[in-house]
$ cat model-v9.cif   # mmCIF, C-alpha atoms
data_coords
#
loop_
_atom_site.group_PDB
_atom_site.id
_atom_site.type_symbol
_atom_site.label_atom_id
_atom_site.label_comp_id
_atom_site.auth_asym_id
_atom_site.auth_seq_id
_atom_site.Cartn_x
_atom_site.Cartn_y
_atom_site.Cartn_z
ATOM 1 C CA MET L 1 45.631 38.824 90.367
ATOM 2 C CA ASP L 2 44.182 37.963 86.971
ATOM 3 C CA ARG L 3 45.458 39.237 83.665
ATOM 4 C CA PRO L 4 43.050 41.705 82.025
ATOM 5 C CA ALA L 5 41.159 40.256 79.095
ATOM 6 C CA ALA L 6 42.697 40.926 75.702
ATOM 7 C CA PRO L 7 40.559 43.636 74.124
ATOM 8 C CA GLU L 8 38.885 43.280 70.774
ATOM 9 C CA PRO L 9 40.724 44.862 67.814
ATOM 10 C CA SER L 10 38.727 48.063 68.141
ATOM 11 C CA GLY L 11 38.425 51.054 70.438
ATOM 12 C CA GLY L 12 41.963 52.277 69.860
ATOM 13 C CA TRP L 13 43.440 48.974 68.758
ATOM 14 C CA PRO L 14 44.797 48.993 65.210
ATOM 15 C CA ASP L 15 43.083 46.575 62.864
ATOM 16 C CA PRO L 16 45.811 44.662 60.974
ATOM 17 C CA SER L 17 43.516 43.367 58.268
ATOM 18 C CA PRO L 18 43.283 43.757 54.485
ATOM 19 C CA ALA L 19 41.030 46.769 54.981
ATOM 20 C CA SER L 20 43.466 48.588 57.239
ATOM 21 C CA SER L 21 46.279 50.957 56.329
ATOM 22 C CA PHE L 22 48.930 48.444 57.425
ATOM 23 C CA ARG L 23 50.546 46.688 54.513
ATOM 24 C CA PRO L 24 52.877 43.882 55.600
ATOM 25 C CA LYS L 25 56.224 43.780 53.819
ATOM 26 C CA LYS L 26 57.163 40.344 52.552
ATOM 27 C CA ARG L 27 60.888 41.131 52.555
ATOM 28 C CA LEU L 28 60.707 41.722 56.333
ATOM 29 C CA GLY L 29 58.730 38.547 56.976
ATOM 30 C CA GLN L 30 55.812 40.515 58.422
ATOM 31 C CA HIS L 31 52.751 38.515 59.490
ATOM 32 C CA PHE L 32 50.557 40.400 61.952
ATOM 33 C CA LEU L 33 48.736 38.451 64.656
ATOM 34 C CA VAL L 34 44.945 38.937 64.477
ATOM 35 C CA ASN L 35 43.705 36.055 66.648
ATOM 36 C CA ARG L 36 42.645 37.417 70.036
ATOM 37 C CA GLY L 37 42.673 33.952 71.617
ATOM 38 C CA ILE L 38 46.330 33.409 70.713
ATOM 39 C CA LEU L 39 47.118 36.854 72.059
ATOM 40 C CA GLY L 40 45.637 35.696 75.357
ATOM 41 C CA HIS L 41 47.869 32.609 75.382
ATOM 42 C CA ILE L 42 50.926 34.825 74.869
ATOM 43 C CA LEU L 43 49.975 37.131 77.730
ATOM 44 C CA ASP L 44 49.173 34.244 80.058
ATOM 45 C CA SER L 45 52.499 32.578 79.268
ATOM 46 C CA ALA L 46 54.456 35.755 79.943
ATOM 47 C CA GLU L 47 53.122 35.857 83.539
ATOM 48 C CA LEU L 48 53.693 39.600 83.622
ATOM 49 C CA GLN L 49 53.914 41.654 86.790
ATOM 50 C CA THR L 50 53.275 45.377 87.068
ATOM 51 C CA ASP L 51 56.993 46.076 87.525
ATOM 52 C CA ASP L 52 58.185 43.898 84.615
ATOM 53 C CA LEU L 53 60.317 45.302 81.820
ATOM 54 C CA VAL L 54 59.389 43.704 78.488
ATOM 55 C CA VAL L 55 61.389 43.780 75.268
ATOM 56 C CA GLU L 56 59.185 43.262 72.213
ATOM 57 C CA ILE L 57 60.724 42.527 68.818
ATOM 58 C CA GLY L 58 58.818 43.546 65.706
ATOM 59 C CA PRO L 59 55.747 45.233 67.226
ATOM 60 C CA GLY L 60 54.297 45.996 63.787
ATOM 61 C CA PRO L 61 50.977 47.840 64.193
ATOM 62 C CA GLY L 62 51.192 47.447 67.973
ATOM 63 C CA VAL L 63 48.462 44.910 68.751
ATOM 64 C CA LEU L 64 50.631 42.939 71.166
ATOM 65 C CA THR L 65 52.359 46.126 72.346
ATOM 66 C CA ARG L 66 49.135 47.644 73.646
ATOM 67 C CA ALA L 67 48.216 44.426 75.416
ATOM 68 C CA LEU L 68 51.641 44.292 77.076
ATOM 69 C CA LEU L 69 51.238 47.853 78.306
ATOM 70 C CA GLU L 70 48.013 46.807 80.046
ATOM 71 C CA TRP L 71 49.999 44.543 82.353
ATOM 72 C CA ALA L 72 53.761 45.227 82.300
ATOM 73 C CA GLY L 73 55.600 48.118 83.893
ATOM 74 C CA GLN L 74 57.555 49.142 80.803
ATOM 75 C CA VAL L 75 57.728 48.015 77.175
ATOM 76 C CA VAL L 76 60.739 48.565 74.912
ATOM 77 C CA ALA L 77 59.886 47.687 71.322
ATOM 78 C CA VAL L 78 62.384 47.186 68.494
ATOM 79 C CA GLU L 79 61.027 47.755 64.991
ATOM 80 C CA VAL L 80 63.099 47.644 61.804
ATOM 81 C CA ASP L 81 60.313 49.071 59.594
ATOM 82 C CA ARG L 82 60.706 52.859 59.646
ATOM 83 C CA GLU L 83 57.103 53.505 58.585
ATOM 84 C CA LEU L 84 55.605 51.300 61.288
ATOM 85 C CA ALA L 85 58.089 52.586 63.877
ATOM 86 C CA ALA L 86 57.111 56.204 63.177
ATOM 87 C CA LYS L 87 53.397 55.411 63.268
ATOM 88 C CA LEU L 88 53.576 53.495 66.539
ATOM 89 C CA THR L 89 55.761 56.170 68.133
ATOM 90 C CA THR L 90 53.153 58.792 67.261
ATOM 91 C CA GLU L 91 50.213 56.707 68.444
ATOM 92 C CA LEU L 92 51.852 55.906 71.808
ATOM 93 C CA ALA L 93 53.509 59.306 72.308
ATOM 94 C CA GLY L 94 51.499 59.893 75.470
ATOM 95 C CA GLU L 95 52.541 56.615 77.093
ATOM 96 C CA PRO L 96 55.614 57.221 79.308
ATOM 97 C CA ARG L 97 56.094 53.484 79.893
ATOM 98 C CA PHE L 98 56.711 52.835 76.200
ATOM 99 C CA ARG L 99 59.967 53.291 74.303
ATOM 100 C CA LEU L 100 60.525 52.418 70.652
ATOM 101 C CA VAL L 101 63.957 51.691 69.193
ATOM 102 C CA GLN L 102 64.027 51.794 65.404
ATOM 103 C CA GLY L 103 66.550 49.416 63.859
ATOM 104 C CA ASP L 104 67.612 45.832 63.287
ATOM 105 C CA VAL L 105 67.513 43.946 66.586
ATOM 106 C CA LEU L 106 70.560 41.916 65.508
ATOM 107 C CA SER L 107 72.599 45.106 65.245
ATOM 108 C CA ILE L 108 71.521 46.614 68.560
ATOM 109 C CA PRO L 109 73.385 45.667 71.771
ATOM 110 C CA VAL L 110 70.983 44.063 74.222
ATOM 111 C CA ASP L 111 72.208 46.197 77.111
ATOM 112 C CA SER L 112 71.271 49.355 75.193
ATOM 113 C CA LEU L 113 67.645 48.224 75.262
ATOM 114 C CA LEU L 114 67.690 48.047 79.059
ATOM 115 C CA HIS L 115 67.747 51.086 81.290
ATOM 116 C CA HIS L 116 70.914 50.440 83.278
ATOM 117 C CA HIS L 117 71.436 52.143 86.581
ATOM 118 C CA PRO L 118 74.490 51.981 88.880
ATOM 119 C CA ASN L 119 72.473 50.039 91.454
ATOM 120 C CA ASP L 120 70.818 47.789 88.868
ATOM 121 C CA PRO L 121 73.330 46.874 86.139
ATOM 122 C CA CYS L 122 71.306 43.865 84.947
ATOM 123 C CA PRO L 123 67.569 44.463 85.383
ATOM 124 C CA ARG L 124 65.084 41.620 85.292
ATOM 125 C CA TYR L 125 63.210 41.557 81.992
ATOM 126 C CA LYS L 126 61.287 39.335 79.604
ATOM 127 C CA VAL L 127 61.204 39.049 75.828
ATOM 128 C CA VAL L 128 57.730 38.747 74.303
ATOM 129 C CA ALA L 129 57.514 38.787 70.527
ATOM 130 C CA ASN L 130 56.076 37.528 67.279
ATOM 131 C CA LEU L 131 59.476 36.830 65.723
ATOM 132 C CA PRO L 132 60.340 37.193 62.030
ATOM 133 C CA TYR L 133 60.738 33.524 61.157
ATOM 134 C CA TYR L 134 63.732 33.954 58.880
ATOM 135 C CA ILE L 135 65.892 35.261 61.746
ATOM 136 C CA THR L 136 64.459 33.280 64.671
ATOM 137 C CA ALA L 137 67.674 31.429 65.541
ATOM 138 C CA PRO L 138 69.948 34.529 65.475
ATOM 139 C CA ILE L 139 67.502 36.456 67.669
ATOM 140 C CA LEU L 140 67.301 33.654 70.225
ATOM 141 C CA ARG L 141 71.100 33.388 70.253
ATOM 142 C CA THR L 142 71.450 37.150 70.732
ATOM 143 C CA PHE L 143 69.342 37.185 73.887
ATOM 144 C CA LEU L 144 70.293 33.803 75.360
ATOM 145 C CA THR L 145 74.008 34.562 75.128
ATOM 146 C CA ALA L 146 73.733 38.194 76.259
ATOM 147 C CA ALA L 147 75.648 39.320 79.342
ATOM 148 C CA CYS L 148 72.247 40.199 80.785
ATOM 149 C CA PRO L 149 69.839 37.538 79.465
ATOM 150 C CA PRO L 150 66.066 37.692 79.950
ATOM 151 C CA GLN L 151 64.267 35.806 82.675
ATOM 152 C CA ARG L 152 61.825 34.344 80.161
ATOM 153 C CA LEU L 153 61.160 34.482 76.437
ATOM 154 C CA VAL L 154 57.651 34.059 75.026
ATOM 155 C CA VAL L 155 57.925 33.985 71.256
ATOM 156 C CA MET L 156 55.924 33.048 68.198
ATOM 157 C CA VAL L 157 58.003 30.807 65.939
ATOM 158 C CA GLN L 158 57.499 28.363 63.106
ATOM 159 C CA LEU L 159 56.053 25.099 64.468
ATOM 160 C CA GLU L 160 58.814 22.991 62.922
ATOM 161 C CA VAL L 161 61.424 25.180 64.626
ATOM 162 C CA ALA L 162 59.604 24.984 67.965
ATOM 163 C CA ARG L 163 59.549 21.191 67.778
ATOM 164 C CA SER L 164 63.264 21.068 67.050
ATOM 165 C CA ILE L 165 63.967 23.362 70.005
ATOM 166 C CA VAL L 166 62.067 21.168 72.500
ATOM 167 C CA GLY L 167 63.411 17.950 70.959
ATOM 168 C CA SER L 168 64.587 15.061 73.117
ATOM 169 C CA PRO L 169 67.395 12.563 72.421
ATOM 170 C CA GLY L 170 66.689 10.819 69.152
ATOM 171 C CA LYS L 171 65.383 14.058 67.660
ATOM 172 C CA LEU L 172 67.642 16.562 69.395
ATOM 173 C CA GLY L 173 69.332 18.727 66.788
ATOM 174 C CA LEU L 174 71.892 21.492 67.025
ATOM 175 C CA LEU L 175 69.316 24.250 67.623
ATOM 176 C CA GLY L 176 67.664 22.216 70.380
ATOM 177 C CA VAL L 177 70.985 21.618 72.135
ATOM 178 C CA ALA L 178 71.884 25.297 71.794
ATOM 179 C CA VAL L 179 68.643 26.547 73.357
ATOM 180 C CA GLN L 180 68.482 23.867 76.061
ATOM 181 C CA TYR L 181 72.011 24.731 77.177
ATOM 182 C CA TYR L 182 70.651 28.123 78.258
ATOM 183 C CA GLY L 183 67.024 27.505 79.157
ATOM 184 C CA ARG L 184 64.035 25.182 79.408
ATOM 185 C CA PRO L 185 61.779 25.410 76.314
ATOM 186 C CA HIS L 186 58.092 24.526 76.203
ATOM 187 C CA ILE L 187 55.482 24.672 73.427
ATOM 188 C CA VAL L 188 52.407 26.465 74.755
ATOM 189 C CA CYS L 189 50.150 25.954 71.751
ATOM 190 C CA GLU L 190 50.113 25.506 68.005
ATOM 191 C CA VAL L 191 48.879 28.381 65.849
ATOM 192 C CA SER L 192 47.139 28.086 62.492
ATOM 193 C CA PRO L 193 48.085 30.273 59.501
ATOM 194 C CA GLY L 194 44.677 31.952 59.665
ATOM 195 C CA SER L 195 45.667 33.593 62.956
ATOM 196 C CA PHE L 196 47.808 36.077 61.004
ATOM 197 C CA PHE L 197 47.421 38.669 58.285
ATOM 198 C CA PRO L 198 48.645 37.761 55.797
ATOM 199 C CA PRO L 199 48.563 34.018 56.601
ATOM 200 C CA PRO L 200 52.034 32.433 56.469
ATOM 201 C CA GLN L 201 52.515 29.216 54.531
ATOM 202 C CA VAL L 202 53.497 27.288 57.663
ATOM 203 C CA ARG L 203 51.956 26.486 61.041
ATOM 204 C CA SER L 204 53.320 28.349 64.027
ATOM 205 C CA ALA L 205 53.660 27.874 67.774
ATOM 206 C CA VAL L 206 53.891 29.946 70.920
ATOM 207 C CA LEU L 207 57.125 28.916 72.637
ATOM 208 C CA THR L 208 58.390 29.790 76.106
ATOM 209 C CA ILE L 209 62.012 29.562 77.211
ATOM 210 C CA ASP L 210 62.783 29.909 80.909
ATOM 211 C CA VAL L 211 66.436 30.920 81.155
ATOM 212 C CA TYR L 212 68.584 29.064 83.689
ATOM 213 C CA GLY L 213 70.477 30.895 86.386
ATOM 214 C CA SER L 214 73.219 28.269 86.048
ATOM 215 C CA ARG L 215 73.979 25.420 83.657
ATOM 216 C CA PRO L 216 71.460 22.573 83.946
ATOM 217 C CA VAL L 217 74.160 19.902 83.491
ATOM 218 C CA ALA L 218 77.886 19.573 84.067
ATOM 219 C CA ALA L 219 79.531 21.070 80.987
ATOM 220 C CA PRO L 220 82.585 23.088 79.992
ATOM 221 C CA ASP L 221 82.491 26.755 79.081
ATOM 222 C CA ALA L 222 80.129 27.660 76.259
ATOM 223 C CA GLU L 223 82.886 28.093 73.661
ATOM 224 C CA THR L 224 84.298 24.596 74.248
ATOM 225 C CA PHE L 225 80.872 23.002 74.601
ATOM 226 C CA PHE L 226 79.590 24.359 71.304
ATOM 227 C CA ARG L 227 82.825 23.628 69.484
ATOM 228 C CA VAL L 228 82.270 19.962 70.318
ATOM 229 C CA VAL L 229 78.533 20.035 69.576
ATOM 230 C CA ARG L 230 79.005 21.754 66.205
ATOM 231 C CA ALA L 231 81.642 19.178 65.324
ATOM 232 C CA GLY L 232 79.255 16.383 66.231
ATOM 233 C CA PHE L 233 76.520 17.793 64.000
ATOM 234 C CA SER L 234 78.870 18.734 61.148
ATOM 235 C CA THR L 235 78.041 15.434 59.448
ATOM 236 C CA PRO L 236 74.894 14.285 61.300
ATOM 237 C CA ARG L 237 74.375 11.137 59.233
ATOM 238 C CA LYS L 238 77.773 9.788 60.200
ATOM 239 C CA GLN L 239 78.547 7.944 63.388
ATOM 240 C CA LEU L 240 79.701 10.226 66.168
ATOM 241 C CA HIS L 241 83.359 9.153 66.141
ATOM 242 C CA ASN L 242 83.649 10.035 62.443
ATOM 243 C CA ALA L 243 81.848 13.351 62.830
ATOM 244 C CA LEU L 244 83.990 14.415 65.791
ATOM 245 C CA SER L 245 87.203 13.288 64.112
ATOM 246 C CA ASN L 246 86.399 15.468 61.114
ATOM 247 C CA GLY L 247 84.981 18.386 63.046
ATOM 248 C CA LEU L 248 87.690 18.540 65.724
ATOM 249 C CA ASN L 249 90.528 17.505 63.417
ATOM 250 C CA CYS L 250 91.368 14.556 65.683
ATOM 251 C CA THR L 251 92.674 11.122 64.848
ATOM 252 C CA SER L 252 90.218 8.234 64.950
ATOM 253 C CA ASP L 253 92.028 6.636 67.915
ATOM 254 C CA ARG L 254 91.947 9.857 69.905
ATOM 255 C CA THR L 255 88.248 10.358 69.198
ATOM 256 C CA HIS L 256 87.424 6.792 70.247
ATOM 257 C CA GLN L 257 89.314 7.313 73.485
ATOM 258 C CA LEU L 258 87.498 10.609 74.092
ATOM 259 C CA LEU L 259 84.072 9.015 73.659
ATOM 260 C CA GLU L 260 84.920 5.960 75.740
ATOM 261 C CA THR L 261 86.102 8.202 78.571
ATOM 262 C CA ALA L 262 82.784 10.070 78.338
ATOM 263 C CA GLY L 263 80.882 6.765 78.368
ATOM 264 C CA ILE L 264 79.454 7.281 74.872
ATOM 265 C CA ASP L 265 79.208 4.541 72.228
ATOM 266 C CA PRO L 266 81.307 5.825 69.269
ATOM 267 C CA LYS L 267 78.767 4.344 66.838
ATOM 268 C CA ARG L 268 75.926 6.591 68.008
ATOM 269 C CA ARG L 269 74.810 9.605 66.002
ATOM 270 C CA ALA L 270 74.748 13.182 67.230
ATOM 271 C CA GLU L 271 70.952 13.498 67.407
ATOM 272 C CA THR L 272 70.729 10.635 69.952
ATOM 273 C CA LEU L 273 72.825 12.340 72.653
ATOM 274 C CA SER L 274 71.220 14.107 75.584
ATOM 275 C CA LEU L 275 72.376 17.472 76.866
ATOM 276 C CA ALA L 276 74.093 15.741 79.795
ATOM 277 C CA GLU L 277 75.965 13.431 77.417
ATOM 278 C CA TRP L 278 77.126 16.376 75.313
ATOM 279 C CA GLY L 279 78.321 17.946 78.552
ATOM 280 C CA ARG L 280 80.406 14.849 79.380
ATOM 281 C CA VAL L 281 81.938 14.790 75.914
ATOM 282 C CA GLY L 282 82.749 18.485 76.212
ATOM 283 C CA LEU L 283 84.364 18.082 79.623
ATOM 284 C CA CYS L 284 86.477 15.163 78.402
ATOM 285 C CA TYR L 285 87.561 17.122 75.342
ATOM 286 C CA GLN L 286 88.415 20.114 77.543
ATOM 287 C CA SER L 287 90.597 17.966 79.808
ATOM 288 C CA VAL L 288 92.429 16.490 76.829
ATOM 289 C CA GLU L 289 93.046 19.915 75.308
ATOM 290 C CA ALA L 290 94.202 21.476 78.605
#
$ encode --input "model-v9.cif" --output "structure tokens"
Amino acid sequence: MDRPAAPEPSGGWPDPSPASSFRPKKRLGQHFLVNRGILGHILDSAELQTDDLVVEIGPGPGVLTRALLEWAGQVVAVEVDRELAAKLTTELAGEPRFRLVQGDVLSIPVDSLLHHHPNDPCPRYKVVANLPYYITAPILRTFLTAACPPQRLVVMVQLEVARSIVGSPGKLGLLGVAVQYYGRPHIVCEVSPGSFFPPPQVRSAVLTIDVYGSRPVAAPDAETFFRVVRAGFSTPRKQLHNALSNGLNCTSDRTHQLLETAGIDPKRRAETLSLAEWGRVGLCYQSVEA
């Protein structure tokens, strides 16, 4: 069954352009999507079904929201801007499949956004959003680490951030390791500044993250794993044995032994390790600390 074509910004769709009544607030990082082709890429990537629950973050004037309602079963939107939240609530008052939560998504428990029932304590849902770029990482962390994480995230992010998230060994930074521990990221397409009103000063990308049902590699619990990873990236220009010694408050001899047990050259740098190698280092550290 094909996804319905994304409608033109008319016939009930708000027009987020300079001539409209919507005035983006710079302090909230608001850049409204106006490119219909990119909207289509987002909808295609979400692979929505008629019974899907979708959480949208920062709906703004509701361009993406209305498109989601054409295909998903229910849309829960979180909007921090009181003016936009009130306007969208009024405009979609007759849509029973839409619920708006006004507030900061980072201050709202994820489970409160989901309609929990005794026979369905963790419903299947997806996150689809044009994220505020200045809080991209905290938002991703909030949902990926939630007790009830989404099945898939389809998000608009800064291109540089998207590239770091999908990075491979050699260019795999802390954010990339953090996301890839929980899910498989993929860049769908790059997005030019002119696709938004007002245009941001950076290029963007549509990014998908398919959340794993279980860890993709052998690794310790998340707390131990990320303690080791953060230590490794605490001084990224240093060789790994020095960074881990400083970050974990270990002696040089103990750190060398830890890395040798994990089969990692102590002279390597953090960005060169794969997720599997970080998992081995974490497991070895866990066994030493036990």
$ atom_distance --input "model-v9.cif" --atom1 "atom CA of Pro121 of chain L" --atom2 "atom CA of Glu95 of chain L"
24.7 Å
$ resolve_selection --input "model-v9.cif" --expression "the PyMOL selection byres ((chain L and resi 257-274) around 12)" --output "PDB file with C-alpha atoms, in the frame of the given file"
ATOM      1  CA  SER L 164      63.264  21.068  67.050  1.00  0.00           C
ATOM      2  CA  VAL L 166      62.067  21.168  72.500  1.00  0.00           C
ATOM      3  CA  GLY L 167      63.411  17.950  70.959  1.00  0.00           C
ATOM      4  CA  SER L 168      64.587  15.061  73.117  1.00  0.00           C
ATOM      5  CA  PRO L 169      67.395  12.563  72.421  1.00  0.00           C
ATOM      6  CA  GLY L 170      66.689  10.819  69.152  1.00  0.00           C
ATOM      7  CA  LYS L 171      65.383  14.058  67.660  1.00  0.00           C
ATOM      8  CA  LEU L 172      67.642  16.562  69.395  1.00  0.00           C
ATOM      9  CA  GLY L 173      69.332  18.727  66.788  1.00  0.00           C
ATOM     10  CA  LEU L 174      71.892  21.492  67.025  1.00  0.00           C
ATOM     11  CA  LEU L 175      69.316  24.250  67.623  1.00  0.00           C
ATOM     12  CA  GLY L 176      67.664  22.216  70.380  1.00  0.00           C
ATOM     13  CA  VAL L 177      70.985  21.618  72.135  1.00  0.00           C
ATOM     14  CA  ALA L 178      71.884  25.297  71.794  1.00  0.00           C
ATOM     15  CA  GLN L 180      68.482  23.867  76.061  1.00  0.00           C
ATOM     16  CA  TYR L 181      72.011  24.731  77.177  1.00  0.00           C
ATOM     17  CA  PRO L 216      71.460  22.573  83.946  1.00  0.00           C
ATOM     18  CA  VAL L 217      74.160  19.902  83.491  1.00  0.00           C
ATOM     19  CA  ALA L 219      79.531  21.070  80.987  1.00  0.00           C
ATOM     20  CA  VAL L 228      82.270  19.962  70.318  1.00  0.00           C
ATOM     21  CA  VAL L 229      78.533  20.035  69.576  1.00  0.00           C
ATOM     22  CA  ARG L 230      79.005  21.754  66.205  1.00  0.00           C
ATOM     23  CA  ALA L 231      81.642  19.178  65.324  1.00  0.00           C
ATOM     24  CA  GLY L 232      79.255  16.383  66.231  1.00  0.00           C
ATOM     25  CA  PHE L 233      76.520  17.793  64.000  1.00  0.00           C
ATOM     26  CA  SER L 234      78.870  18.734  61.148  1.00  0.00           C
ATOM     27  CA  THR L 235      78.041  15.434  59.448  1.00  0.00           C
ATOM     28  CA  PRO L 236      74.894  14.285  61.300  1.00  0.00           C
ATOM     29  CA  ARG L 237      74.375  11.137  59.233  1.00  0.00           C
ATOM     30  CA  LYS L 238      77.773   9.788  60.200  1.00  0.00           C
ATOM     31  CA  GLN L 239      78.547   7.944  63.388  1.00  0.00           C
ATOM     32  CA  LEU L 240      79.701  10.226  66.168  1.00  0.00           C
ATOM     33  CA  HIS L 241      83.359   9.153  66.141  1.00  0.00           C
ATOM     34  CA  ASN L 242      83.649  10.035  62.443  1.00  0.00           C
ATOM     35  CA  ALA L 243      81.848  13.351  62.830  1.00  0.00           C
ATOM     36  CA  LEU L 244      83.990  14.415  65.791  1.00  0.00           C
ATOM     37  CA  SER L 245      87.203  13.288  64.112  1.00  0.00           C
ATOM     38  CA  LEU L 248      87.690  18.540  65.724  1.00  0.00           C
ATOM     39  CA  CYS L 250      91.368  14.556  65.683  1.00  0.00           C
ATOM     40  CA  THR L 251      92.674  11.122  64.848  1.00  0.00           C
ATOM     41  CA  SER L 252      90.218   8.234  64.950  1.00  0.00           C
ATOM     42  CA  ASP L 253      92.028   6.636  67.915  1.00  0.00           C
ATOM     43  CA  ARG L 254      91.947   9.857  69.905  1.00  0.00           C
ATOM     44  CA  THR L 255      88.248  10.358  69.198  1.00  0.00           C
ATOM     45  CA  HIS L 256      87.424   6.792  70.247  1.00  0.00           C
ATOM     46  CA  LEU L 275      72.376  17.472  76.866  1.00  0.00           C
ATOM     47  CA  ALA L 276      74.093  15.741  79.795  1.00  0.00           C
ATOM     48  CA  GLU L 277      75.965  13.431  77.417  1.00  0.00           C
ATOM     49  CA  TRP L 278      77.126  16.376  75.313  1.00  0.00           C
ATOM     50  CA  GLY L 279      78.321  17.946  78.552  1.00  0.00           C
ATOM     51  CA  ARG L 280      80.406  14.849  79.380  1.00  0.00           C
ATOM     52  CA  VAL L 281      81.938  14.790  75.914  1.00  0.00           C
ATOM     53  CA  GLY L 282      82.749  18.485  76.212  1.00  0.00           C
ATOM     54  CA  LEU L 283      84.364  18.082  79.623  1.00  0.00           C
ATOM     55  CA  CYS L 284      86.477  15.163  78.402  1.00  0.00           C
ATOM     56  CA  TYR L 285      87.561  17.122  75.342  1.00  0.00           C
ATOM     57  CA  GLN L 286      88.415  20.114  77.543  1.00  0.00           C
ATOM     58  CA  SER L 287      90.597  17.966  79.808  1.00  0.00           C
ATOM     59  CA  VAL L 288      92.429  16.490  76.829  1.00  0.00           C
ATOM     60  CA  GLU L 289      93.046  19.915  75.308  1.00  0.00           C
TER      61      GLU L 289
END
$ closest_residue --input "model-v9.cif" --among "L:Ala218, L:Val54, L:Ile38, L:Pro149" --to "Val206 of chain L" --atoms "all atoms listed in the file"
L:Ile38
$ closest_residue --input "model-v9.cif" --among "L:Gly60, L:Gly247, L:Pro220, L:Gly194" --to "Asn35 of chain L" --atoms "all atoms listed in the file"
L:Gly194
$ closest_atom_pairs --input "model-v9.cif" --of "segment 128-239 of chain L" --to "segment 104-118 of chain L" --cutoff "9 Å" --atoms "all atoms listed in the file" --output "CSV"
residue,atom,partner,partner_atom,distance
L:Ile135,CA,L:Leu106,CA,9.0
L:Pro138,CA,L:Leu106,CA,7.4
L:Ile139,CA,L:Leu106,CA,6.6
L:Thr142,CA,L:Leu106,CA,7.1
L:Phe143,CA,L:Val110,CA,7.1
L:Ala146,CA,L:Val110,CA,6.8
L:Ala147,CA,L:Asp111,CA,8.0
L:Cys148,CA,L:Asp111,CA,7.0
L:Pro149,CA,L:Val110,CA,8.4
$ residues_near_point --input "model-v9.cif" --point "(48.1, 24.5, 54.1)" --cutoff "12 Å" --atoms "only C-alpha atoms" --output "count of residues only"
9
$ closest_residue --input "model-v9.cif" --among "L:Ala67, L:Val127, L:Glu190, L:Pro61" --to "Glu91 of chain L" --atoms "all atoms listed in the file"
L:Pro61
$ atom_distance --input "model-v9.cif" --atom1 "atom CA of Glu83 of chain L" --atom2 "atom CA of Leu131 of chain L"
18.3 Å
$ atom_distance --input "model-v9.cif" --atom1 "atom CA of Tyr134 of chain L" --atom2 "atom CA of Ser45 of chain L"
23.3 Å
$ closest_residue --input "model-v9.cif" --among "L:Val155, L:Val101, L:Ala222, L:Val128" --to "Glu56 of chain L" --atoms "only C-alpha atoms"
L:Val128
$ residues_around --input "model-v9.cif" --residues "Leu39 of chain L" --least-positions-apart "4" --cutoff "8 Å" --atoms "only C-alpha atoms" --output "list of chain:residue names"
L:Ala6, L:Leu33, L:Asn35, L:Leu43, L:Leu64
$ closest_residue --input "model-v9.cif" --among "L:Gln74, L:Asn130, L:Thr65, L:Asn119" --to "Leu88 of chain L" --atoms "only C-alpha atoms"
L:Thr65
